[in-house]
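Below is one structure, written out as structure tokens; comments come after it.
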Number of protein chains: 2
Amino acid sequence: MLPYKSLIQVERKAPVALHIQVCNNFIALITNGTLQPADILPSSRVLAELIGINRNTVKLAYEELVSQGWAESIERKGVFVLSKLPIRSKTLLPETGKSNSPKEAFIWTNNFEKATPSDDLQKTVLAIDDGFPDVRMAPVDVLMREYRSLSRRFHGRNFLKYGSSMGSEHLRTSICNYLSHSRGLVVAAENILITKGSQMGIYLAAQLLLNSGDNIAVGISNYGSADDTFRHSGANLLRMPVDDNGMDVDFLEETLQHKKIKAVYIIPHHHFPTTVTMSMERRLKLLNLAKEYRFAIIEDDYDFDFHYDNKPYLPLASIDHHHNVIYIGSISKTFAPALRIGFMTGSSAFIGAASSLRQLIDKQGDTLLEEAFAVLFDDGEMERHFRKSLKIYKQRRNLFCDILQSDFNDRIEFKIPEGGLGVWTSFDKQIDLIKMAEDASKRGLYIGNGSFYKNESFVTNALRMGFASLNEKEMTEALGILKKIVY
Amino acid sequence: MLPYKSLIQVERKAPVALHIQVCNNFIALITNGTLQPADILPSSRVLAELIGINRNTVKLAYEELVSQGWAESIERKGVFVLSKLPIRSKTLLPETGKSNSPKEAFIWTNNFEKATPSDDLQKTVLAIDDGFPDVRMAPVDVLMREYRSLSRRFHGRNFLKYGSSMGSEHLRTSICNYLSHSRGLVVAAENILITKGSQMGIYLAAQLLLNSGDNIAVGISNYGSADDTFRHSGANLLRMPVDDNGMDVDFLEETLQHKKIKAVYIIPHHHFPTTVTMSMERRLKLLNLAKEYRFAIIEDDYDFDFHYDNKPYLPLASIDHHHNVIYIGSISKTFAPALRIGFMTGSSAFIGAASSLRQLIDKQGDTLLEEAFAVLFDDGEMERHFRKSLKIYKQRRNLFCDILQSDFNDRIEFKIPEGGLGVWTSFDKQIDLIKMAEDASKRGLYIGNGSFYKNESFVTNALRMGFASLNEKEMTEALGILKKIVY
């Protein structure tokens with residue numbers, strides 16, 4: 001007899017009935033070949049004693065096996081594994097859950113490098129991040145109250161059903177109003193798709209605009225996830241110089257004279273990672289080029305809401321009269337990264353196609369959450385949150401830059417950023433950022449090692465240092481630790 | 001002077017300062033060419049009177065225009081549009097928000113047919129849907145309480161930050177336990193990716209498995225969104241017959257002898273739309289074929305939790321010892337469609353690549369919601385919900401089928417489904433389903449017109465009629481209306 005005591009594992013506290021657990025154990029033994037067709041099963045009395053459960057439970061399990069067509073009961077002989085089952089031969093017990101088999105069971109395409117885990121930050125107590133918001137400031141409680149209250153009401157319940165792949169019409173209308181008043185961008189609800197953060201906007205635009213071999217112009221330094229998304233669409237990246245006024249549009253113009261370009265990706269407020277703002281002159285010239293050469297501009301404006309000294313420039317989308325701009329924004333960045341809400345605007349035809357593609361990806365967003373956000377926009381809660389965080393982030397930027405200036409003067413170089421949540425900081429060549437990050441980690445401080453900003457044509461010894469998520473005490477402590485390492 | 005009274009529109013109740021609104025209005029006039037470089041702006045006194053706002057507000061607006069580089073102030077002469085702006089010539093006022101321009105501004109690929117709006121159901125009072133859950137039964141309030149309580153706690157706050165693209169580790173572990181006890185599927189957390197509903201699982205699997213020109217085997221009738229997703233990856237669909245025991249695996253075997261197949265998509269519990277269950281014999285044979293011919297099986301098992309008469313068969317994934325199966329499940333379908341939570345399992349290498357791709361699509365899920373769901377699994381709330389809804393849905397299925405049997409006997413044909421939330425109902429050829437749906441709509445009843453189930457090789461005069469979302473009163477009313485139309 002097989003060593004059933006160790007082969008059959010049941011868990012009394014599990015919510016699944018014991019006899020189903022026993023039955024499932026036997027099915028596993030049959031399908032992995034430990035039990036062969038026509039093998040006899042132990043009597044219910046014997047098995048009950050062996051594994052310490054009630055005999056009737058074993059009987060129920062055997063009945064289940066029989067009714068599912070795995071076994072047959074022969075009177076006065078016992079219960080046998082069905083003889084006609086198409087089980088071939090004994091196979092090794094699989095290393096389930098451990099890893100993929102040495103030889104892959106089927107062929108698939110793996111173009112992805114091992115992703116760096118981005119959940120480190122959730123577990124870290126003290127971190128100089130890449131420029132993330134302070135989630136402690138987000139009015140999550142107000143949002144939850146709205147969310148819960150909606151789910152209790154009759155009409156709110158309906159938002160739990162399947163909904164539109166474009167997103168809540170209420171939220172689209174609220175965002176239209178917000179875009180119009182905050183940045184002169186006048187669009188209708190049919191021109192807006194609610195996305196999961198700005199990343200989904202970039203993905204959808206890339207999939208619709210770019211085919212294998214197409215060219216897209218991006219900054220010589222650029223947001224790495226955008227680069228990866230364009231490459232995933234099969235596009236070639238044409239790298240454009242970026243200076244203190246943003247992407248070099250004259251260089252782009254020269255390139256256009258001998259190369260077809262399908263799209264240009266820009267982050268005019270504020271270029272990633274260097275945080276520079278694109279000048280109005282270049283914005284206008286870029287729009288003119290887009291019209292002349294018929295390319296699309298993907299304008300990633302996730303940082304619009306954070307501008308400390310002057311009012312931000314208007315987005316290109318607001319002054320685009322020829323519909324060349326696909327405008328992408330995010331509420332996740334302003335509110336809390338894990339609440340994935342963003343939006344993209346474009347012609348109704350483009351937005352319609354993006355919605356259709358989105359239906360294949362995840363059908364739709366979380367309508368109830370979208371409705372709750374719409375209420376927060378309508379009653380001014382979002383605006384209050386934006387203003388409050390802007391004020392606090394400005395104080396934090398000033399303090400952060402003051403400390404950098406006074407304590408790290410001869411080891412780093414930086415410019416005070418006009419907006420955004422991070423300072424682009426170049427470190428002395430003597431400082432090895434990878435080692436610095438390791439040393440910091442040993443002292444309880446998370447800080448990036450700079451690898452995220454590098455690409456095949458942009459190598460630098462610099463970091464985007466986020467100041468927004470740190471209060472005064474944390475900031476002093478974090479930069480104190482860093483100082484000990486750097487000096 | 002231009003008709004500023006009608007050109008400049010401000011809204012006092014908007015959360016954006018009046019002077020910014022005036023400034024944005026002027027920028028729009030400049031960029032659309034109504035105001036040309038070197039044009040003079042009206043004096044602040046004149047404009048203040050014309051549009052009825054304070055003169056100081058106009059002055060502030062002009063200062064903003066100057067500081068943003070749109071205008072220049074010349075002492076004792078006035079404020080002028082900057083002469084060096086690269087504005088070309090007057091363009092027509094754009095039809096912003098109305099539609100895309102007659103000639104597209106740029107070239108993009110639109111492979112999508114106009115999507116049918118799926119938000120009709122949110123607005124409908126009475127509906128015979130396609131087999132959706134009754135969202136009124138979901139313990140949303142318990143979920144929200146957990147969600148809110150988490151967001152208030154120190155460690156919960158961290159779930160608002162960026163997290164893992166694989167999803168909450170807590171939820172992955174909870175789902176591992178659930179899969180092991182409910183269906184003998186033993187996997188580790190690294191083999192699970194939390195998705196946005198089962199649709200994202202289908203999308204990710206398709207993107208990783210299928211390249212342009214690859215073959216995938218699907219049922220002759222099939223879930224249309226899956227077909228669309230595979231086509232979007234450039235794959236050819238090979239249609240396999242489906243009978244009362246599910247997909248015809250012998251036909252598949254013959255096909256494999258002369259055609260290379262990368263993947264097979266099946267919904268063994270219960271085939272869409274016909275609701276049949278795949279027999280255990282065919283499941284085992286399919287697994288053997290997958291091993292022999294090295295193809296992947298995409299097992300879409302969104303309906304596992306709904307089985308009324310016998311225990312459901314074990315998934316193929318539970319008896320797959322060669323890692324050929326990518327298993328896809330959904331909690332959205334069991335809980336509430338708009339709360340997009342699903343999962344896929346596979347080898348850690350495959351799941352790792354799927355997570356990397358997912359990072360390009362939307363970075364990650366809503367970690368806080370995932371954590372709240374994990375708590376509901378851990379404290380048995382999900383299990384209670386499953387059991388409670390199973391009991392109620394069984395009653396509803398029985399009542400629904402009783403009424404169909406007694407009231408529609410000579411107009412329709414159907415089999416009582418063993419599981420799932422819908423009845424596959426063939427209508428008499430005399431009945432035009434499109435007209436029937438229109439007539440029903442006039443009488444306040446939503447019902448599908450059958451077009452969703454048709455494809456190039458499957459034409460039928462049948463509907464999947466959902467019974468689960470209707471209580472007794474609603475069901476009687478809905479079928480009463482339908483009877484009047486059919487007879």
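The way I read the labels, and the way they are meant: chains A, B, ... in the order of the structure tokens, residue 1 as the first residue of every chain, and ligand 1 as the first ligand shown, with later ones counted on from there.
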Using only C-alpha atoms, determine which residues lie at most 9 Å from Gly69 in chain A, disregarding the query and same-chain residues fewer than 6 positions distant; provide the list as a list of chain:residue names.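 Everything that qualifies: A:Leu82, A:Leu85, B:Met280, B:Glu281.
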Write out as a PDB file with C-alpha atoms, in the first residue's frame which residues come within 12 Å of Glu383 in chain B when counting only C-alpha atoms, dropping same-chain ones fewer than 4 positions away.
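Final output, saved to around-v9.pdb:
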```
ATOM      1  CA  ALA A  14      -9.745  25.320   5.376  1.00  0.00           C
ATOM      2  CA  PRO A  15     -13.137  26.511   4.149  1.00  0.00           C
ATOM      3  CA  VAL A  16     -13.387  23.551   1.740  1.00  0.00           C
ATOM      4  CA  ALA A  17     -15.097  20.386   3.003  1.00  0.00           C
TER       5      ALA A  17
ATOM      6  CA  ALA B 138     -21.788  41.280  -3.033  1.00  0.00           C
ATOM      7  CA  PRO B 139     -20.517  42.217   0.439  1.00  0.00           C
ATOM      8  CA  SER B 174      -4.653  34.160  -0.129  1.00  0.00           C
ATOM      9  CA  ILE B 175      -5.574  33.086  -3.651  1.00  0.00           C
ATOM     10  CA  ASN B 177      -4.733  28.896  -0.440  1.00  0.00           C
ATOM     11  CA  TYR B 178      -8.117  29.301  -2.032  1.00  0.00           C
ATOM     12  CA  LEU B 179      -7.044  27.557  -5.263  1.00  0.00           C
ATOM     13  CA  HIS B 181      -8.506  23.984  -1.214  1.00  0.00           C
ATOM     14  CA  SER B 182     -11.241  24.648  -3.747  1.00  0.00           C
ATOM     15  CA  ASP B 305     -17.293  28.884  -8.601  1.00  0.00           C
ATOM     16  CA  ILE B 331     -13.159  37.488  -8.867  1.00  0.00           C
ATOM     17  CA  THR B 334     -18.114  36.330  -8.632  1.00  0.00           C
ATOM     18  CA  PHE B 335     -18.186  39.626  -6.802  1.00  0.00           C
ATOM     19  CA  PHE B 373      -9.840  41.523  -0.919  1.00  0.00           C
ATOM     20  CA  ALA B 374      -7.077  39.474   0.717  1.00  0.00           C
ATOM     21  CA  VAL B 375      -8.571  40.205   4.136  1.00  0.00           C
ATOM     22  CA  LEU B 376     -11.985  39.072   2.850  1.00  0.00           C
ATOM     23  CA  PHE B 377     -10.436  35.791   1.707  1.00  0.00           C
ATOM     24  CA  ASP B 378      -8.572  35.283   4.978  1.00  0.00           C
ATOM     25  CA  ASP B 379     -11.510  35.861   7.281  1.00  0.00           C
ATOM     26  CA  ARG B 387     -21.810  29.754  -0.785  1.00  0.00           C
ATOM     27  CA  LYS B 388     -24.610  32.220  -0.292  1.00  0.00           C
ATOM     28  CA  SER B 389     -24.688  33.279  -3.933  1.00  0.00           C
ATOM     29  CA  LEU B 390     -24.421  29.683  -5.146  1.00  0.00           C
TER      30      LEU B 390
END
```
Write down as a ChimeraX atom specification the residues of range 296-477 of chain A whose backbone DSSP state falls under alpha helix (DSSP H). /A:348-362,367-378,381-407,433-442,472-477
Which of range 152-296 of chain B DSSP labels strand (DSSP E), written as a PyMOL selection string: chain B and resi 192-195+215-219+236-240+242-243+246-247+263-266+296
Would you output that residue set with N, CA and C atoms, as a compact mmCIF listing (two decimals), in the first residue's frame?
```
# COMPACT_ATOMS: atom_id res chain seq x y z
N ILE B 192 1.60 33.42 -9.47
CA ILE B 192 0.32 34.13 -9.63
C ILE B 192 0.55 35.59 -9.95
N LEU B 193 -0.20 36.07 -10.93
CA LEU B 193 -0.24 37.50 -11.22
C LEU B 193 -1.67 37.97 -11.00
N ILE B 194 -1.84 39.02 -10.22
CA ILE B 194 -3.17 39.59 -10.03
C ILE B 194 -3.47 40.48 -11.24
N THR B 195 -4.58 40.22 -11.91
CA THR B 195 -4.92 40.97 -13.12
C THR B 195 -6.17 41.82 -12.89
N ASN B 215 -0.92 30.17 -35.18
CA ASN B 215 -2.25 29.56 -35.08
C ASN B 215 -2.65 29.37 -33.63
N ILE B 216 -3.90 29.66 -33.33
CA ILE B 216 -4.46 29.31 -32.03
C ILE B 216 -5.79 28.59 -32.29
N ALA B 217 -6.01 27.49 -31.56
CA ALA B 217 -7.26 26.74 -31.71
C ALA B 217 -8.28 27.27 -30.72
N VAL B 218 -9.48 27.53 -31.22
CA VAL B 218 -10.58 28.01 -30.37
C VAL B 218 -11.85 27.27 -30.78
N GLY B 219 -12.87 27.34 -29.97
CA GLY B 219 -14.14 26.70 -30.30
C GLY B 219 -14.79 27.35 -31.50
N ASN B 236 -3.97 33.56 -36.37
CA ASN B 236 -5.08 32.95 -37.10
C ASN B 236 -5.88 32.10 -36.12
N LEU B 237 -7.20 32.19 -36.19
CA LEU B 237 -8.05 31.35 -35.35
C LEU B 237 -8.39 30.07 -36.10
N LEU B 238 -8.04 28.93 -35.53
CA LEU B 238 -8.49 27.65 -36.10
C LEU B 238 -9.69 27.19 -35.28
N ARG B 239 -10.82 27.06 -35.95
CA ARG B 239 -12.06 26.76 -35.24
C ARG B 239 -12.25 25.25 -35.06
N MET B 240 -12.45 24.82 -33.84
CA MET B 240 -12.67 23.41 -33.52
C MET B 240 -14.16 23.20 -33.21
N VAL B 242 -17.46 22.03 -31.28
CA VAL B 242 -17.79 21.92 -29.85
C VAL B 242 -19.11 21.15 -29.75
N ASP B 243 -19.13 20.08 -28.97
CA ASP B 243 -20.39 19.36 -28.75
C ASP B 243 -20.74 19.36 -27.27
N GLY B 246 -17.85 19.52 -24.80
CA GLY B 246 -16.84 20.56 -24.95
C GLY B 246 -16.13 20.48 -26.29
N MET B 247 -14.93 21.07 -26.37
CA MET B 247 -14.20 21.10 -27.63
C MET B 247 -13.85 19.69 -28.10
N ALA B 263 -1.20 27.63 -29.39
CA ALA B 263 -1.98 27.62 -28.15
C ALA B 263 -3.41 27.17 -28.43
N VAL B 264 -4.05 26.66 -27.39
CA VAL B 264 -5.47 26.29 -27.46
C VAL B 264 -6.18 27.06 -26.34
N TYR B 265 -7.27 27.73 -26.72
CA TYR B 265 -8.04 28.47 -25.72
C TYR B 265 -9.33 27.71 -25.41
N ILE B 266 -9.52 27.39 -24.15
CA ILE B 266 -10.75 26.68 -23.78
C ILE B 266 -11.38 27.29 -22.53
N ALA B 296 0.61 25.64 -25.66
CA ALA B 296 0.08 26.13 -24.39
C ALA B 296 -1.43 25.99 -24.38
```
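Every protein, DNA or RNA residue with an atom at most 6 Å from range 27-44 of chain A, where only C-alpha atoms count and chain neighbours fewer than 2 positions away do not, is listed here: Asn24, Asn25, Val46, Leu47, Ala48, Arg55, Val58, Val79, Phe80, Val81, Leu82, Ser83, Lys90 and Thr91 of chain A; Ile319 of chain B.
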Nearby residues (only C-alpha atoms) at most 12 Å from Arg153 in chain B, same-chain spacing under 6 positions excluded, as an MDAnalysis selection string: (chainID A and resid 136 140:141) or (chainID B and resid 146:147 159:160 368)
Let me see the file: selected residues, C-alpha atoms, as a compact mmCIF listing (two decimals), in the first residue's frame.
```txt
# COMPACT_ATOMS: atom_id res chain seq x y z
CA ARG A 136 -0.28 60.78 3.74
CA VAL A 140 -8.26 59.15 1.00
CA ASP A 141 -10.77 59.16 3.78
CA GLU B 146 -11.74 47.03 5.17
CA TYR B 147 -10.51 49.32 2.40
CA PHE B 159 -0.28 50.41 -0.09
CA LEU B 160 -1.10 53.77 -1.66
CA LEU B 368 -5.19 48.86 -1.43
```
State, in Å with one decimal place, the distance from CA of Met278 in chain B to CA of Met344 in chain B. 20.2 Å
List the spatial neighbours of Arg464 in chain B as a list in words - criterion: any atom at most 6 Å away, only C-alpha atoms, same-chain residues fewer than 5 positions off excluded. Asp130, Gly422, Val423 and Trp424 of chain B
Residues within 12 Å of range 351-354 of chain A, only C-alpha atoms, excluding chain neighbours under 6 positions, as a VMD selection string: (chain A and resid 164 to 167 187 to 195 200 to 209 326 to 328 343 to 345 360 to 361 363 to 364) or (chain B and resid 97 99 to 100 108 to 117)
May I have the residues from that selection written out with C-alpha atoms, as a PDB file, in the first residue's frame?
```pdb
ATOM      1  CA  SER A 164     -18.090  51.822 -20.418  1.00  0.00           C
ATOM      2  CA  SER A 165     -14.507  51.126 -21.498  1.00  0.00           C
ATOM      3  CA  MET A 166     -14.069  54.914 -21.860  1.00  0.00           C
ATOM      4  CA  GLY A 167     -14.653  55.304 -18.155  1.00  0.00           C
ATOM      5  CA  VAL A 187     -12.546  69.127 -24.940  1.00  0.00           C
ATOM      6  CA  ALA A 188     -15.818  67.239 -24.713  1.00  0.00           C
ATOM      7  CA  ALA A 189     -16.422  64.030 -22.768  1.00  0.00           C
ATOM      8  CA  GLU A 190     -16.154  62.001 -25.991  1.00  0.00           C
ATOM      9  CA  ASN A 191     -12.567  63.217 -26.357  1.00  0.00           C
ATOM     10  CA  ILE A 192     -11.512  61.748 -23.017  1.00  0.00           C
ATOM     11  CA  LEU A 193     -10.646  58.215 -22.030  1.00  0.00           C
ATOM     12  CA  ILE A 194     -10.148  57.445 -18.350  1.00  0.00           C
ATOM     13  CA  THR A 195      -7.008  55.319 -18.038  1.00  0.00           C
ATOM     14  CA  MET A 200      -1.914  53.221 -19.876  1.00  0.00           C
ATOM     15  CA  GLY A 201      -2.233  56.375 -21.980  1.00  0.00           C
ATOM     16  CA  ILE A 202       1.337  55.905 -23.233  1.00  0.00           C
ATOM     17  CA  TYR A 203       0.671  52.209 -23.958  1.00  0.00           C
ATOM     18  CA  LEU A 204      -2.564  52.794 -25.863  1.00  0.00           C
ATOM     19  CA  ALA A 205      -1.084  55.653 -27.896  1.00  0.00           C
ATOM     20  CA  ALA A 206       1.971  53.558 -28.742  1.00  0.00           C
ATOM     21  CA  GLN A 207      -0.145  50.602 -29.864  1.00  0.00           C
ATOM     22  CA  LEU A 208      -2.322  52.756 -32.123  1.00  0.00           C
ATOM     23  CA  LEU A 209       0.443  54.937 -33.556  1.00  0.00           C
ATOM     24  CA  ILE A 326      -2.591  63.270 -27.757  1.00  0.00           C
ATOM     25  CA  TYR A 327      -2.611  64.642 -24.251  1.00  0.00           C
ATOM     26  CA  ILE A 328      -1.914  62.375 -21.285  1.00  0.00           C
ATOM     27  CA  PHE A 343      -6.760  60.285 -18.693  1.00  0.00           C
ATOM     28  CA  MET A 344      -5.913  60.831 -22.334  1.00  0.00           C
ATOM     29  CA  THR A 345      -7.522  63.229 -24.791  1.00  0.00           C
ATOM     30  CA  LEU A 360      -9.297  43.863 -24.973  1.00  0.00           C
ATOM     31  CA  ILE A 361      -6.838  44.733 -22.223  1.00  0.00           C
ATOM     32  CA  LYS A 363     -12.530  45.762 -20.349  1.00  0.00           C
ATOM     33  CA  GLN A 364     -12.954  48.880 -18.225  1.00  0.00           C
TER      34      GLN A 364
ATOM     35  CA  GLY B  97     -14.320  68.390 -28.968  1.00  0.00           C
ATOM     36  CA  SER B  99     -15.021  65.208 -33.941  1.00  0.00           C
ATOM     37  CA  ASN B 100     -11.738  64.441 -35.604  1.00  0.00           C
ATOM     38  CA  TRP B 108      -2.467  55.749 -37.127  1.00  0.00           C
ATOM     39  CA  THR B 109      -3.854  52.246 -37.263  1.00  0.00           C
ATOM     40  CA  ASN B 110      -7.521  51.765 -36.585  1.00  0.00           C
ATOM     41  CA  ASN B 111      -8.326  48.069 -36.733  1.00  0.00           C
ATOM     42  CA  PHE B 112     -11.257  48.392 -34.421  1.00  0.00           C
ATOM     43  CA  GLU B 113     -14.878  48.325 -35.295  1.00  0.00           C
ATOM     44  CA  LYS B 114     -16.964  50.777 -33.359  1.00  0.00           C
ATOM     45  CA  ALA B 115     -17.334  49.129 -29.973  1.00  0.00           C
ATOM     46  CA  THR B 116     -20.836  48.486 -28.759  1.00  0.00           C
ATOM     47  CA  PRO B 117     -21.465  50.522 -25.653  1.00  0.00           C
TER      48      PRO B 117
END
```
Point-to-point distance from CA of Leu433 in chain B to CA of Ser451 in chain B, Å rounded to tenths: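 These two atoms are separated by 8.9 Å.
Minimum distance to Gly346 in chain A across A:Ser73, A:Glu418, A:His323, A:Leu2 (counting only C-alpha atoms) occurs at A:His323.
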Using only C-alpha atoms, which of the listed residues (A:Glu75, A:Glu371, A:Asp366, A:Glu438) sits closest to chain B? A:Asp366
